[in-house]
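Visitor: Here it is: the structure, laid out below.
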Amino acid sequence: MSKKEIISTDKVTAGTAPLSQATRLGDLVFVAGNTGRHPTNGETGKGIKEQTKYALERISLILDAAGSSMENVLTNTCYVTNRDDLPGFNEVYAQYFPKDHPARTTVVVNFGDPNNLVEVTSTAYISD
C-alpha cells in the first residue's frame, strides 16, 4: 500500500495556513489551492489575468517538484470572485492548457478579501 508523501518546494512562497503545497499518493499529486500571488515574492497580481497567471505558475512549480507537469493535470477546481472576470480567466487558462484540456469546475465565490480574485486547485498524475 502506498504512503502519503508531502510535496514542498522553496520555489513557491509558503502561506501561513496549516496545509501542504501538495500531497502525493501513488502516481497522483493533489495540489492545494493557489491564489494569484507571485510565486516567489508573494505579491498579489494586478487584475484577473495576472492573478490567473501567478496561480497557474505556482501550480506548475509545485507539480515540477512532485515529478509531474501541467500536461499531466487531470482536473482543476477554479474559484473566481467576479463572473465578469471569466473571459480573462479563460484566456490565460487556455495558454496553460492549450489542448487535451483537463476536467474543470469553475465556481464564483466571495473570498472575503477583495484583492483575491482567483484560486485554483489541481490533481495531476506522475507519468512513467
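Please note that chains go A, B, ... in the order of the C-alpha cells, that every chain numbers its residues from 1, and that ligands are numbered from 1 in the order shown.
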Quick one: everything within 8 Å of stretch 2-4 of chain A, counting only C-alpha atoms, minus sequence neighbours fewer than 3 positions away in the same chain. Send it as number ranges by chain.

Guide: A: 23-26

Visitor: Within chain A, find each residue whose DSSP state, derived from the backbone, is helix (DSSP H, G or I), and express the selection as number ranges by chain.

Guide: A: 47-66, 70-72, 83-96

Visitor: For the residues in that selection, give me C-alpha atoms as a short mmCIF file (atom, residue, chain, number, x, y, z; two decimals), in the first residue's frame.

Guide:
data_model
loop_
_atom_site.label_atom_id
_atom_site.label_comp_id
_atom_site.auth_asym_id
_atom_site.auth_seq_id
_atom_site.Cartn_x
_atom_site.Cartn_y
_atom_site.Cartn_z
CA GLY A 47 -6.23 42.04 -12.27
CA ILE A 48 -7.64 38.65 -13.17
CA LYS A 49 -5.18 37.86 -15.96
CA GLU A 50 -2.07 38.42 -13.87
CA GLN A 51 -3.56 36.62 -10.88
CA THR A 52 -4.54 33.64 -13.03
CA LYS A 53 -1.01 33.51 -14.46
CA TYR A 54 0.50 33.60 -10.97
CA ALA A 55 -1.82 30.88 -9.64
CA LEU A 56 -1.03 28.57 -12.55
CA GLU A 57 2.71 29.32 -12.37
CA ARG A 58 2.64 28.35 -8.69
CA ILE A 59 0.89 25.07 -9.56
CA SER A 60 3.40 24.38 -12.33
CA LEU A 61 6.35 24.81 -9.93
CA ILE A 62 4.74 22.55 -7.32
CA LEU A 63 3.98 19.87 -9.91
CA ASP A 64 7.58 20.05 -11.12
CA ALA A 65 8.76 19.43 -7.55
CA ALA A 66 6.48 16.38 -7.44
CA MET A 70 0.86 20.84 -16.29
CA GLU A 71 0.48 18.38 -19.18
CA ASN A 72 -0.42 15.72 -16.61
CA ARG A 83 -18.39 36.35 -13.10
CA ASP A 84 -17.31 39.20 -15.41
CA ASP A 85 -13.68 38.05 -14.97
CA LEU A 86 -14.35 34.65 -16.58
CA PRO A 87 -13.30 35.71 -20.11
CA GLY A 88 -9.92 37.00 -18.83
CA PHE A 89 -9.51 33.94 -16.64
CA ASN A 90 -10.28 31.61 -19.57
CA GLU A 91 -7.86 33.48 -21.86
CA VAL A 92 -4.90 32.90 -19.54
CA TYR A 93 -6.07 29.41 -18.52
CA ALA A 94 -6.11 28.33 -22.19
CA GLN A 95 -2.44 29.32 -22.51
CA TYR A 96 -1.53 26.76 -19.83
#

Visitor: Identify all residues of chain A in strand (DSSP E) (DSSP on the backbone) and supply them as a PDB file with C-alpha atoms, in the first residue's frame.

Guide:
ATOM      1  CA  GLU A   5       4.073  11.956   0.701  1.00  0.00           C
ATOM      2  CA  ILE A   6       4.189  15.691   1.355  1.00  0.00           C
ATOM      3  CA  ILE A   7       5.379  17.742  -1.619  1.00  0.00           C
ATOM      4  CA  ALA A  22       0.720  19.240  -2.375  1.00  0.00           C
ATOM      5  CA  THR A  23       0.414  15.625  -1.354  1.00  0.00           C
ATOM      6  CA  ARG A  24       1.235  12.555  -3.372  1.00  0.00           C
ATOM      7  CA  LEU A  25      -0.294   9.112  -3.135  1.00  0.00           C
ATOM      8  CA  LEU A  28      -1.392  11.025  -8.106  1.00  0.00           C
ATOM      9  CA  VAL A  29      -0.497  14.541  -6.956  1.00  0.00           C
ATOM     10  CA  PHE A  30      -3.077  16.713  -5.197  1.00  0.00           C
ATOM     11  CA  VAL A  31      -2.087  20.397  -5.301  1.00  0.00           C
ATOM     12  CA  ALA A  32      -3.552  22.763  -2.721  1.00  0.00           C
ATOM     13  CA  GLY A  33      -5.434  25.851  -3.836  1.00  0.00           C
ATOM     14  CA  ASN A  34      -3.159  28.561  -5.190  1.00  0.00           C
ATOM     15  CA  THR A  35      -4.197  32.180  -5.346  1.00  0.00           C
ATOM     16  CA  VAL A  73      -3.197  17.669 -14.880  1.00  0.00           C
ATOM     17  CA  LEU A  74      -6.381  15.609 -14.741  1.00  0.00           C
ATOM     18  CA  THR A  75      -8.738  18.082 -13.101  1.00  0.00           C
ATOM     19  CA  ASN A  76      -8.835  21.664 -11.831  1.00  0.00           C
ATOM     20  CA  THR A  77     -11.240  23.295  -9.448  1.00  0.00           C
ATOM     21  CA  CYS A  78     -11.240  27.030 -10.073  1.00  0.00           C
ATOM     22  CA  TYR A  79     -12.705  29.831  -7.990  1.00  0.00           C
ATOM     23  CA  VAL A  80     -13.191  33.402  -9.209  1.00  0.00           C
ATOM     24  CA  ALA A 103     -11.702  18.302 -16.496  1.00  0.00           C
ATOM     25  CA  ARG A 104     -12.657  21.525 -14.742  1.00  0.00           C
ATOM     26  CA  THR A 105     -15.149  23.041 -12.363  1.00  0.00           C
ATOM     27  CA  THR A 106     -15.336  26.823 -12.004  1.00  0.00           C
ATOM     28  CA  VAL A 107     -17.247  28.440  -9.165  1.00  0.00           C
ATOM     29  CA  VAL A 108     -17.941  32.114  -8.460  1.00  0.00           C
ATOM     30  CA  VAL A 118      -8.828  33.666  -8.201  1.00  0.00           C
ATOM     31  CA  GLU A 119      -7.792  30.343  -6.669  1.00  0.00           C
ATOM     32  CA  VAL A 120      -7.033  27.084  -8.470  1.00  0.00           C
ATOM     33  CA  THR A 121      -6.500  23.602  -7.092  1.00  0.00           C
ATOM     34  CA  SER A 122      -5.276  20.699  -9.255  1.00  0.00           C
ATOM     35  CA  THR A 123      -4.953  16.948  -9.388  1.00  0.00           C
ATOM     36  CA  ALA A 124      -2.297  15.500 -11.677  1.00  0.00           C
ATOM     37  CA  TYR A 125      -0.538  12.211 -12.294  1.00  0.00           C
TER      38      TYR A 125
END

Visitor: Can you tell me which residues surround A:Ala14 at a distance of at most 10 Å, considering only C-alpha atoms, apart from same-chain residues fewer than 5 positions away, and format the answer as an NGL selection string?

Guide: :A and (8-9 or 19-21 or 39-40 or 42)
